[in-house]
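Trainee: Dropping in data.cif, with mmCIF, C-alpha atoms.
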data_model
loop_
_atom_site.group_PDB
_atom_site.id
_atom_site.type_symbol
_atom_site.label_atom_id
_atom_site.label_comp_id
_atom_site.auth_asym_id
_atom_site.auth_seq_id
_atom_site.Cartn_x
_atom_site.Cartn_y
_atom_site.Cartn_z
ATOM 1 C CA MET I 1 0.000 0.000 0.000
ATOM 2 C CA TYR I 2 1.213 3.492 -0.844
ATOM 3 C CA VAL I 3 2.462 5.540 2.133
ATOM 4 C CA PRO I 4 3.202 9.221 1.439
ATOM 5 C CA PRO I 5 6.717 10.212 2.511
ATOM 6 C CA PHE I 6 6.832 12.464 5.582
ATOM 7 C CA THR I 7 8.510 12.594 8.988
ATOM 8 C CA ILE I 8 6.823 13.301 12.316
ATOM 9 C CA THR I 9 9.222 15.860 13.754
ATOM 10 C CA ALA I 10 9.477 17.313 17.261
ATOM 11 C CA LYS I 11 7.936 20.518 15.863
ATOM 12 C CA ILE I 12 4.930 18.607 14.507
ATOM 13 C CA ILE I 13 4.400 16.839 17.835
ATOM 14 C CA ASP I 14 4.561 20.153 19.683
ATOM 15 C CA LEU I 15 2.104 21.800 17.275
ATOM 16 C CA ILE I 16 -0.369 18.907 17.595
ATOM 17 C CA SER I 17 -0.213 19.169 21.372
ATOM 18 C CA ARG I 18 -0.805 22.923 21.328
ATOM 19 C CA ILE I 19 -3.616 22.715 18.765
ATOM 20 C CA SER I 20 -5.368 19.965 20.750
ATOM 21 C CA GLU I 21 -5.204 22.116 23.872
ATOM 22 C CA LYS I 22 -6.598 25.149 22.041
ATOM 23 C CA VAL I 23 -9.382 23.081 20.472
ATOM 24 C CA GLY I 24 -10.628 22.349 23.964
ATOM 25 C CA GLU I 25 -10.572 26.062 24.719
ATOM 26 C CA ILE I 26 -12.366 27.056 21.533
ATOM 27 C CA ASN I 27 -15.029 24.398 22.135
ATOM 28 C CA SER I 28 -15.930 26.244 25.332
ATOM 29 C CA LEU I 29 -16.878 29.231 23.164
ATOM 30 C CA GLU I 30 -19.741 27.234 21.658
ATOM 31 C CA SER I 31 -21.958 28.567 24.454
ATOM 32 C CA SER I 32 -21.151 32.138 23.397
ATOM 33 C CA PRO I 33 -24.173 34.240 22.352
ATOM 34 C CA HIS I 34 -22.141 35.220 19.296
ATOM 35 C CA ARG I 35 -21.591 31.618 18.142
ATOM 36 C CA VAL I 36 -23.981 31.726 15.172
ATOM 37 C CA GLU I 37 -22.717 35.090 13.928
ATOM 38 C CA LEU I 38 -19.113 34.017 14.477
ATOM 39 C CA ARG I 39 -19.662 30.905 12.366
ATOM 40 C CA LYS I 40 -21.344 32.926 9.618
ATOM 41 C CA GLN I 41 -18.535 35.484 9.454
ATOM 42 C CA ASN I 42 -15.847 32.789 9.524
ATOM 43 C CA ARG I 43 -17.505 30.983 6.629
ATOM 44 C CA ILE I 44 -17.615 34.222 4.620
ATOM 45 C CA LYS I 45 -13.920 34.837 5.392
ATOM 46 C CA THR I 46 -13.086 31.291 4.297
ATOM 47 C CA ILE I 47 -14.880 31.607 0.951
ATOM 48 C CA HIS I 48 -13.438 35.061 0.287
ATOM 49 C CA SER I 49 -9.867 34.009 1.089
ATOM 50 C CA SER I 50 -9.981 30.722 -0.819
ATOM 51 C CA LEU I 51 -11.221 32.448 -3.967
ATOM 52 C CA ALA I 52 -8.928 35.462 -3.534
ATOM 53 C CA ILE I 53 -5.967 33.060 -3.610
ATOM 54 C CA GLU I 54 -7.251 32.040 -7.049
ATOM 55 C CA ASN I 55 -7.413 35.740 -8.088
ATOM 56 C CA ASN I 56 -11.133 36.309 -7.539
ATOM 57 C CA SER I 57 -11.455 40.070 -6.946
ATOM 58 C CA LEU I 58 -14.844 40.200 -5.173
ATOM 59 C CA SER I 59 -14.778 41.739 -1.694
ATOM 60 C CA ILE I 60 -16.106 40.315 1.562
ATOM 61 C CA GLU I 61 -19.015 42.762 1.306
ATOM 62 C CA GLN I 62 -19.892 41.546 -2.199
ATOM 63 C CA ILE I 63 -19.674 37.899 -1.121
ATOM 64 C CA THR I 64 -21.917 38.664 1.866
ATOM 65 C CA ALA I 65 -24.422 40.267 -0.499
ATOM 66 C CA ILE I 66 -24.394 37.197 -2.778
ATOM 67 C CA ILE I 67 -25.025 34.935 0.225
ATOM 68 C CA GLU I 68 -27.978 37.154 1.168
ATOM 69 C CA GLY I 69 -29.384 36.853 -2.355
ATOM 70 C CA LYS I 70 -28.659 40.449 -3.364
ATOM 71 C CA ARG I 71 -27.559 41.601 -6.811
ATOM 72 C CA VAL I 72 -23.848 42.279 -7.169
ATOM 73 C CA LEU I 73 -21.939 44.012 -9.957
ATOM 74 C CA GLY I 74 -18.936 42.002 -11.033
ATOM 75 C CA SER I 75 -17.490 39.477 -13.441
ATOM 76 C CA PRO I 76 -20.064 36.719 -14.131
ATOM 77 C CA ASN I 77 -17.336 34.078 -13.703
ATOM 78 C CA GLU I 78 -16.287 35.501 -10.331
ATOM 79 C CA ILE I 79 -19.898 35.648 -9.140
ATOM 80 C CA GLN I 80 -20.371 32.042 -10.293
ATOM 81 C CA GLU I 81 -17.232 31.035 -8.357
ATOM 82 C CA VAL I 82 -18.718 32.511 -5.186
ATOM 83 C CA LYS I 83 -22.101 30.841 -5.687
ATOM 84 C CA ASN I 84 -20.367 27.505 -6.301
ATOM 85 C CA ALA I 85 -18.154 27.850 -3.222
ATOM 86 C CA ILE I 86 -21.186 28.689 -1.074
ATOM 87 C CA GLN I 87 -22.875 25.461 -2.198
ATOM 88 C CA ALA I 88 -19.729 23.392 -1.691
ATOM 89 C CA TYR I 89 -19.150 24.702 1.839
ATOM 90 C CA GLU I 90 -22.821 24.220 2.730
ATOM 91 C CA LEU I 91 -22.266 20.563 1.844
ATOM 92 C CA LEU I 92 -19.152 20.371 4.028
ATOM 93 C CA LEU I 93 -20.786 18.888 7.126
ATOM 94 C CA SER I 94 -22.204 15.955 5.160
ATOM 95 C CA LEU I 95 -19.042 15.119 3.190
ATOM 96 C CA ASN I 96 -17.212 11.898 4.033
ATOM 97 C CA PRO I 97 -13.447 12.612 3.942
ATOM 98 C CA TYR I 98 -12.698 8.971 3.055
ATOM 99 C CA ASP I 99 -15.120 8.731 0.119
ATOM 100 C CA GLU I 100 -13.562 9.592 -3.236
ATOM 101 C CA LYS I 101 -17.041 10.000 -4.740
ATOM 102 C CA ASP I 102 -17.740 12.807 -2.266
ATOM 103 C CA LEU I 103 -14.584 14.598 -3.429
ATOM 104 C CA LEU I 104 -15.807 14.406 -7.018
ATOM 105 C CA LYS I 105 -19.260 15.594 -5.927
ATOM 106 C CA ALA I 106 -17.750 18.595 -4.136
ATOM 107 C CA HIS I 107 -15.610 19.468 -7.180
ATOM 108 C CA SER I 108 -18.679 19.203 -9.386
ATOM 109 C CA LEU I 109 -20.333 21.886 -7.256
ATOM 110 C CA MET I 110 -17.214 24.009 -6.816
ATOM 111 C CA MET I 111 -16.505 24.226 -10.559
ATOM 112 C CA LYS I 112 -20.053 24.135 -11.965
ATOM 113 C CA GLU I 113 -20.305 26.154 -15.220
ATOM 114 C CA LEU I 114 -16.611 27.077 -14.900
ATOM 115 C CA VAL I 115 -14.931 24.022 -16.490
ATOM 116 C CA ASN I 116 -16.128 21.279 -18.823
ATOM 117 C CA ARG I 117 -14.979 18.405 -16.615
ATOM 118 C CA ASN I 118 -16.368 19.492 -13.259
ATOM 119 C CA GLY I 119 -16.586 16.454 -10.986
ATOM 120 C CA LYS I 120 -14.218 14.444 -13.208
ATOM 121 C CA TYR I 121 -10.467 13.937 -13.179
ATOM 122 C CA ARG I 122 -8.410 15.621 -15.884
ATOM 123 C CA THR I 123 -7.521 13.896 -19.158
ATOM 124 C CA ASP I 124 -4.637 16.194 -20.112
ATOM 125 C CA GLY I 125 -1.243 17.038 -18.689
ATOM 126 C CA VAL I 126 -0.981 20.038 -16.394
ATOM 127 C CA GLY I 127 1.806 22.138 -14.928
ATOM 128 C CA ILE I 128 2.042 24.948 -12.398
ATOM 129 C CA PHE I 129 3.804 28.066 -13.655
ATOM 130 C CA ASP I 130 5.451 31.054 -12.027
ATOM 131 C CA GLY I 131 5.394 33.433 -14.973
ATOM 132 C CA LYS I 132 6.957 31.407 -17.804
ATOM 133 C CA GLU I 133 8.809 29.076 -15.450
ATOM 134 C CA VAL I 134 7.384 25.627 -14.723
ATOM 135 C CA VAL I 135 7.526 25.129 -10.955
ATOM 136 C CA HIS I 136 5.670 21.805 -10.873
ATOM 137 C CA MET I 137 4.768 19.286 -13.562
ATOM 138 C CA ALA I 138 1.935 17.062 -12.333
ATOM 139 C CA PRO I 139 1.896 13.300 -13.028
ATOM 140 C CA PRO I 140 0.443 12.173 -16.384
ATOM 141 C CA ALA I 141 -3.361 12.189 -16.584
ATOM 142 C CA ASP I 142 -3.621 8.423 -17.084
ATOM 143 C CA ARG I 143 -2.035 7.880 -13.646
ATOM 144 C CA VAL I 144 -4.400 10.198 -11.778
ATOM 145 C CA PRO I 145 -7.196 7.685 -10.959
ATOM 146 C CA ALA I 146 -4.737 5.163 -9.493
ATOM 147 C CA LEU I 147 -2.817 7.827 -7.567
ATOM 148 C CA MET I 148 -6.018 9.213 -6.056
ATOM 149 C CA ALA I 149 -7.268 5.717 -5.177
ATOM 150 C CA ASP I 150 -3.963 5.021 -3.393
ATOM 151 C CA LEU I 151 -4.127 8.340 -1.549
ATOM 152 C CA PHE I 152 -7.676 7.698 -0.326
ATOM 153 C CA GLU I 153 -6.732 4.168 0.733
ATOM 154 C CA TRP I 154 -3.893 5.576 2.835
ATOM 155 C CA LEU I 155 -6.201 8.220 4.290
ATOM 156 C CA LYS I 156 -8.732 5.561 5.329
ATOM 157 C CA THR I 157 -6.263 3.081 6.829
ATOM 158 C CA SER I 158 -3.488 5.235 8.316
ATOM 159 C CA ASP I 159 -3.452 5.565 12.104
ATOM 160 C CA VAL I 160 -1.472 8.845 12.179
ATOM 161 C CA HIS I 161 -3.093 11.832 13.866
ATOM 162 C CA PRO I 162 -5.886 13.497 11.807
ATOM 163 C CA LEU I 163 -4.038 16.822 11.954
ATOM 164 C CA ILE I 164 -1.073 15.225 10.198
ATOM 165 C CA LYS I 165 -3.244 13.264 7.764
ATOM 166 C CA SER I 166 -5.080 16.422 6.712
ATOM 167 C CA CYS I 167 -1.816 18.232 5.884
ATOM 168 C CA VAL I 168 -0.216 15.271 4.110
ATOM 169 C CA PHE I 169 -3.367 14.689 2.043
ATOM 170 C CA HIS I 170 -3.459 18.382 1.150
ATOM 171 C CA TYR I 171 0.139 18.289 -0.096
ATOM 172 C CA GLU I 172 -0.249 14.990 -2.004
ATOM 173 C CA PHE I 173 -3.470 16.253 -3.583
ATOM 174 C CA GLU I 174 -1.726 19.381 -4.874
ATOM 175 C CA PHE I 175 1.184 17.265 -6.145
ATOM 176 C CA ILE I 176 -1.167 15.010 -8.137
ATOM 177 C CA HIS I 177 -3.250 18.006 -9.305
ATOM 178 C CA PRO I 178 -6.090 15.676 -10.304
ATOM 179 C CA PHE I 179 -8.475 18.195 -11.872
ATOM 180 C CA GLN I 180 -8.436 20.415 -14.934
ATOM 181 C CA ASP I 181 -8.930 23.414 -12.616
ATOM 182 C CA GLY I 182 -9.892 24.131 -9.005
ATOM 183 C CA ASN I 183 -7.143 22.027 -7.431
ATOM 184 C CA GLY I 184 -6.062 24.706 -4.961
ATOM 185 C CA ARG I 185 -9.517 25.428 -3.558
ATOM 186 C CA MET I 186 -10.374 21.700 -3.489
ATOM 187 C CA GLY I 187 -7.158 20.775 -1.667
ATOM 188 C CA ARG I 188 -7.848 23.366 1.015
ATOM 189 C CA LEU I 189 -11.521 22.369 1.251
ATOM 190 C CA TRP I 190 -10.673 18.690 1.657
ATOM 191 C CA GLN I 191 -8.199 19.404 4.431
ATOM 192 C CA THR I 192 -11.096 21.077 6.262
ATOM 193 C CA VAL I 193 -13.340 18.067 5.543
ATOM 194 C CA ILE I 194 -10.736 15.753 7.107
ATOM 195 C CA LEU I 195 -10.309 18.003 10.143
ATOM 196 C CA LYS I 196 -14.049 18.434 10.788
ATOM 197 C CA SER I 197 -14.372 14.637 10.908
ATOM 198 C CA TRP I 198 -11.966 14.807 13.874
ATOM 199 C CA LYS I 199 -13.463 17.874 15.575
ATOM 200 C CA ASP I 200 -16.646 19.571 14.341
ATOM 201 C CA VAL I 201 -15.322 23.026 15.183
ATOM 202 C CA PHE I 202 -12.946 22.862 12.193
ATOM 203 C CA ALA I 203 -15.932 23.232 9.874
ATOM 204 C CA TRP I 204 -16.081 26.873 10.989
ATOM 205 C CA LEU I 205 -12.414 27.841 11.353
ATOM 206 C CA PRO I 206 -11.212 30.245 8.624
ATOM 207 C CA VAL I 207 -7.764 28.708 8.089
ATOM 208 C CA GLU I 208 -8.018 29.885 4.471
ATOM 209 C CA THR I 209 -7.753 33.493 5.690
ATOM 210 C CA LEU I 210 -4.269 32.915 7.066
ATOM 211 C CA VAL I 211 -3.299 30.957 3.949
ATOM 212 C CA LYS I 212 -4.272 34.056 1.924
ATOM 213 C CA GLU I 213 -2.317 36.350 4.266
ATOM 214 C CA ASN I 214 0.709 34.041 3.985
ATOM 215 C CA GLN I 215 0.249 33.071 0.346
ATOM 216 C CA ALA I 216 3.912 33.376 -0.640
ATOM 217 C CA GLU I 217 4.970 31.195 2.297
ATOM 218 C CA TYR I 218 2.217 28.681 1.432
ATOM 219 C CA TYR I 219 3.586 28.201 -2.096
ATOM 220 C CA LYS I 220 7.128 28.201 -0.771
ATOM 221 C CA ALA I 221 6.248 25.356 1.621
ATOM 222 C CA LEU I 222 4.671 23.391 -1.255
ATOM 223 C CA SER I 223 7.770 23.966 -3.393
ATOM 224 C CA ALA I 224 10.154 22.980 -0.583
ATOM 225 C CA SER I 225 8.253 19.744 -0.033
ATOM 226 C CA ASP I 226 8.382 19.093 -3.788
ATOM 227 C CA SER I 227 12.159 19.532 -3.714
ATOM 228 C CA ASN I 228 12.474 17.165 -0.748
ATOM 229 C CA ALA I 229 9.944 14.663 -2.167
ATOM 230 C CA ASP I 230 8.527 14.731 1.363
ATOM 231 C CA SER I 231 5.581 16.686 2.838
ATOM 232 C CA THR I 232 7.156 17.341 6.267
ATOM 233 C CA LEU I 233 7.859 21.047 5.744
ATOM 234 C CA PHE I 234 4.390 21.663 4.319
ATOM 235 C CA THR I 235 2.830 19.819 7.277
ATOM 236 C CA GLU I 236 4.754 21.972 9.760
ATOM 237 C CA PHE I 237 3.681 25.117 7.900
ATOM 238 C CA MET I 238 -0.023 24.208 7.784
ATOM 239 C CA LEU I 239 -0.118 23.119 11.440
ATOM 240 C CA SER I 240 1.393 26.479 12.377
ATOM 241 C CA LEU I 241 -1.383 28.256 10.452
ATOM 242 C CA ILE I 242 -4.074 26.124 12.089
ATOM 243 C CA LEU I 243 -2.717 26.958 15.547
ATOM 244 C CA LYS I 244 -2.564 30.670 14.724
ATOM 245 C CA THR I 245 -6.136 30.626 13.380
ATOM 246 C CA ILE I 246 -7.475 29.089 16.583
ATOM 247 C CA GLU I 247 -5.482 31.474 18.780
ATOM 248 C CA GLU I 248 -6.815 34.506 16.886
ATOM 249 C CA ILE I 249 -10.434 33.356 17.202
ATOM 250 C CA ILE I 250 -10.039 32.745 20.933
ATOM 251 C CA GLU I 251 -8.445 36.165 21.369
ATOM 252 C CA THR I 252 -11.234 37.854 19.398
ATOM 253 C CA GLU I 253 -13.939 36.208 21.473
ATOM 254 C CA LYS I 254 -12.233 37.144 24.719
ATOM 255 C CA LYS I 255 -12.367 40.787 23.667
ATOM 256 C CA VAL I 256 -16.115 40.717 24.202
ATOM 257 C CA THR I 257 -15.261 41.920 27.703
ATOM 258 C CA VAL I 258 -15.377 45.682 27.490
ATOM 259 C CA LYS I 259 -12.989 47.594 29.722
ATOM 260 C CA VAL I 260 -14.694 50.939 30.194
ATOM 261 C CA THR I 261 -15.682 53.111 33.130
ATOM 262 C CA GLN I 262 -19.262 53.451 31.923
ATOM 263 C CA LYS I 263 -21.645 50.603 32.577
ATOM 264 C CA VAL I 264 -22.227 48.568 29.411
ATOM 265 C CA THR I 265 -25.274 46.334 29.138
ATOM 266 C CA VAL I 266 -25.250 42.767 27.842
ATOM 267 C CA ASN I 267 -27.052 43.875 24.672
ATOM 268 C CA GLN I 268 -24.499 46.624 24.095
ATOM 269 C CA LYS I 269 -21.660 44.110 24.470
ATOM 270 C CA ARG I 270 -23.346 41.939 21.860
ATOM 271 C CA ILE I 271 -23.693 44.927 19.511
ATOM 272 C CA ILE I 272 -19.995 45.724 19.925
ATOM 273 C CA GLU I 273 -18.935 42.150 19.235
ATOM 274 C CA ALA I 274 -21.214 41.869 16.188
ATOM 275 C CA ILE I 275 -19.644 45.059 14.804
ATOM 276 C CA ARG I 276 -16.197 43.643 15.525
ATOM 277 C CA GLN I 277 -17.080 40.591 13.423
ATOM 278 C CA ASN I 278 -18.679 42.637 10.618
ATOM 279 C CA PRO I 279 -18.048 46.410 10.502
ATOM 280 C CA PHE I 280 -20.587 46.730 7.653
ATOM 281 C CA ILE I 281 -23.430 45.137 9.636
ATOM 282 C CA THR I 282 -26.865 46.769 9.379
ATOM 283 C CA GLN I 283 -29.218 47.705 12.200
ATOM 284 C CA GLU I 284 -31.674 45.074 10.955
ATOM 285 C CA GLU I 285 -28.972 42.394 11.155
ATOM 286 C CA LEU I 286 -27.999 43.565 14.642
ATOM 287 C CA ALA I 287 -31.613 43.333 15.781
ATOM 288 C CA GLU I 288 -31.753 39.722 14.592
ATOM 289 C CA ILE I 289 -28.432 38.773 16.213
ATOM 290 C CA VAL I 290 -29.007 40.520 19.547
ATOM 291 C CA GLY I 291 -32.677 39.550 19.700
ATOM 292 C CA ILE I 292 -34.163 42.992 20.324
ATOM 293 C CA SER I 293 -36.136 45.448 18.191
ATOM 294 C CA ARG I 294 -34.527 47.766 15.676
ATOM 295 C CA LYS I 295 -35.704 50.703 17.785
ATOM 296 C CA SER I 296 -33.814 49.306 20.792
ATOM 297 C CA ILE I 297 -30.742 48.753 18.602
ATOM 298 C CA ILE I 298 -30.821 52.417 17.544
ATOM 299 C CA GLN I 299 -31.136 53.564 21.179
ATOM 300 C CA ASN I 300 -28.262 51.347 22.336
ATOM 301 C CA MET I 301 -26.034 52.362 19.450
ATOM 302 C CA LYS I 302 -26.688 56.027 20.212
ATOM 303 C CA LYS I 303 -25.493 55.486 23.786
ATOM 304 C CA LEU I 304 -22.421 53.588 22.569
ATOM 305 C CA GLN I 305 -21.599 56.445 20.198
ATOM 306 C CA GLU I 306 -22.060 59.036 22.941
ATOM 307 C CA ASN I 307 -19.584 57.106 25.098
ATOM 308 C CA HIS I 308 -17.148 56.836 22.152
ATOM 309 C CA LEU I 309 -17.359 53.046 22.198
ATOM 310 C CA ILE I 310 -18.375 52.827 18.538
ATOM 311 C CA GLU I 311 -17.984 55.297 15.689
ATOM 312 C CA ARG I 312 -19.576 55.587 12.277
ATOM 313 C CA VAL I 313 -17.062 56.107 9.466
ATOM 314 C CA GLY I 314 -18.330 57.274 6.082
ATOM 315 C CA ALA I 315 -21.853 57.712 4.753
ATOM 316 C CA ASP I 316 -24.905 55.912 6.099
ATOM 317 C CA LYS I 317 -25.196 53.833 2.929
ATOM 318 C CA ASN I 318 -21.593 52.873 2.172
ATOM 319 C CA GLY I 319 -19.844 53.550 5.469
ATOM 320 C CA HIS I 320 -18.889 51.193 8.262
ATOM 321 C CA TRP I 321 -18.587 50.989 12.054
ATOM 322 C CA GLU I 322 -15.390 51.112 14.053
ATOM 323 C CA ILE I 323 -14.801 50.046 17.646
ATOM 324 C CA GLY I 324 -13.591 52.814 19.976
ATOM 325 C CA THR I 325 -10.129 52.761 21.506
ATOM 326 C CA GLU I 326 -11.677 52.308 24.970
ATOM 327 C CA VAL I 327 -12.881 48.842 23.982
ATOM 328 C CA GLN I 328 -10.294 46.106 24.482
#
Output the file's structure in the form of structure tokens.

Mentor:
Amino acid sequence: MYVPPFTITAKIIDLISRISEKVGEINSLESSPHRVELRKQNRIKTIHSSLAIENNSLSIEQITAIIEGKRVLGSPNEIQEVKNAIQAYELLLSLNPYDEKDLLKAHSLMMKELVNRNGKYRTDGVGIFDGKEVVHMAPPADRVPALMADLFEWLKTSDVHPLIKSCVFHYEFEFIHPFQDGNGRMGRLWQTVILKSWKDVFAWLPVETLVKENQAEYYKALSASDSNADSTLFTEFMLSLILKTIEEIIETEKKVTVKVTQKVTVNQKRIIEAIRQNPFITQEELAEIVGISRKSIIQNMKKLQENHLIERVGADKNGHWEIGTEVQ
């Protein structure tokens, strides 16, 4: 049976230990009143970042509008990419990480109306270019089905930690490059599918955001593992990003505590945190999240503005909210 080449280093062991500890901490946030909004915003960040890596130019605000069924001006292909990604990520919780047919199903959704062979492996050769330079030549197309079958067999039978398996699969998937297009977004999606089968919370963690912010390092880690014919360096890199993602979410949620001299109500704290998650949030959306009337939202926001805890920047229609410096 095929076993992908990698080494479990001291760094990997340490990262797994730290991630496992933080997962326990982030699970405790599930009782947070902001849980639903936090999940929604993280999903939007994930979709935006994954597509931005593939040069989709739509903003978070435009993607939010598409999710809400609003009309958006933009490239039809880019809008289609967003709609496809929304459908694919909605399917995430039901996907079986060990079922190759589910991978093909997810690709079919992700690349619908974008490529001819959505949901099917490529039939042509493919390379990855940096300008005119070939940085990776994928295996021949006729080997792809067997290589993917071997990779899934390893994924199903290996007893290594799911955190390691998710990273190794991600690297091997990108090396094989099994599809005509969409390999990057599918590799990142499937790593999430593997991780959520270990801990449900991974279905909502926006690891893609940090991949986007560290895009050069992401490709460098892939290239280094190619050179070594071993996915160890890529695994260390991805585990570091996963840990950082969890730490940032925990830190954000802890900032719900407002350090001010004025008394702040529970509803006002919820308004502040909702604005922190989405500076472009509307009063109607706040009313739904906080669970009070729009009139009460307006009254509370007026008090928060008077105490310099929130500030409106820009026009009513196209502006956004900012959190005051007194809020930690």

Trainee: Could you check which of I:Glu285, I:Glu208, I:Asp142, I:Glu21 is closest to Ile44 (chain I), using only C-alpha atoms?

Mentor: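 Among the listed residues, the smallest separation from Ile44 (chain I) belongs to I:Glu208.
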
Trainee: Find the distance between CA of Ile281 (chain I) and CA of Glu54 (chain I) and write it in Å to one decimal.

Mentor: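 Separating CA of Ile281 (chain I) from CA of Glu54 (chain I) is a distance of 26.7 Å.
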
Trainee: Using only C-alpha atoms, which of I:Ile246, I:Ala315, I:Ile60, I:Val3 sits nearest Trp204 (chain I)?

Mentor: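 Under the stated criterion, the closest residue is I:Ile246.
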
Trainee: In Å, how far is it from CA of Phe175 (chain I) to CA of His136 (chain I)?

Mentor: 7.9 Å

Trainee: Pull out every residue that the PyMOL selection byres ((chain I and resi 91) around 12) matches in the shown coordinates and put them as a list of chain:residue names.

Mentor: I:Asn84, I:Ala85, I:Ile86, I:Gln87, I:Ala88, I:Tyr89, I:Glu90, I:Leu92, I:Leu93, I:Ser94, I:Leu95, I:Asn96, I:Asp102, I:Leu103, I:Lys105, I:Ala106, I:His107, I:Ser108, I:Leu109, I:Met110, I:Leu189, I:Trp190, I:Val193, I:Ala203

Trainee: Around the point (-13.2, 12.5, 5.4), in the coordinates given by the file, pick out the residues reaching within 9 Å, counting only C-alpha atoms, and return them as a VMD selection string.

Mentor: chain I and resid 95 to 99 102 155 to 156 190 to 198

Trainee: Skipping near chain neighbours, those fewer than 4 positions away, what residues fall within 12 Å of Arg122 (chain I) using all atoms listed in the file, listed as a ChimeraX atom specification?

Mentor: /I:104,107,115-118,126,138-145,148,176-183

Trainee: Quick one: of I:Leu51, I:Asn278, I:Ile271, I:Arg312, who's nearest to Ser296 (chain I), counting all atoms listed in the file?

Mentor: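 Distance minimum relative to Ser296 (chain I) lands on I:Ile271.
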
Trainee: Do you have the CA of Phe234 (chain I)-CA of Glu25 (chain I) distance handy?

Mentor: 25.7 Å

Trainee: Could you give me, as number ranges by chain, the residues within 7 Å of Thr232 (chain I), counting only C-alpha atoms and dropping anything in the same chain fewer than 3 positions from it?

Mentor: I: 6-7, 225, 235-236

Trainee: Report the residues retrieved by the PyMOL selection byres ((chain I and resi 20) around 12) from the displayed file, expressed as a ChimeraX atom specification.

Mentor: /I:13-19,21-27,161-163,195,198-199,201-202,239,242-243,246-247

Trainee: So that I can see what lies close to Glu311 (chain I), please list as a list in words the residues with an atom at most 8 Å from it, counting all atoms listed in the file and leaving out residues fewer than 5 positions away in the same chain.

Mentor: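 So the residues in contact are Gln305, Trp321, Glu322, Ile323 and Gly324 of chain I.
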
Trainee: Looking at only C-alpha atoms, which of I:Asn228, I:Lys83, I:Ile272, I:Asn318 is the one that sits closest to Glu68 (chain I)?

Mentor: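 Checking each of I:Asn228, I:Lys83, I:Ile272, I:Asn318 against Glu68 (chain I), counting only C-alpha atoms, the winner is I:Lys83.
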
Trainee: Write out as JSON an axis-aligned box for region 284-296 of chain I: all of its atoms listed in the file, 3 Å added on each side, centre and edge lengths in Å with one decimal.

Mentor:
{"center_x": -32.1, "center_y": 44.7, "center_z": 15.9, "size_x": 14.1, "size_y": 17.9, "size_z": 15.8}
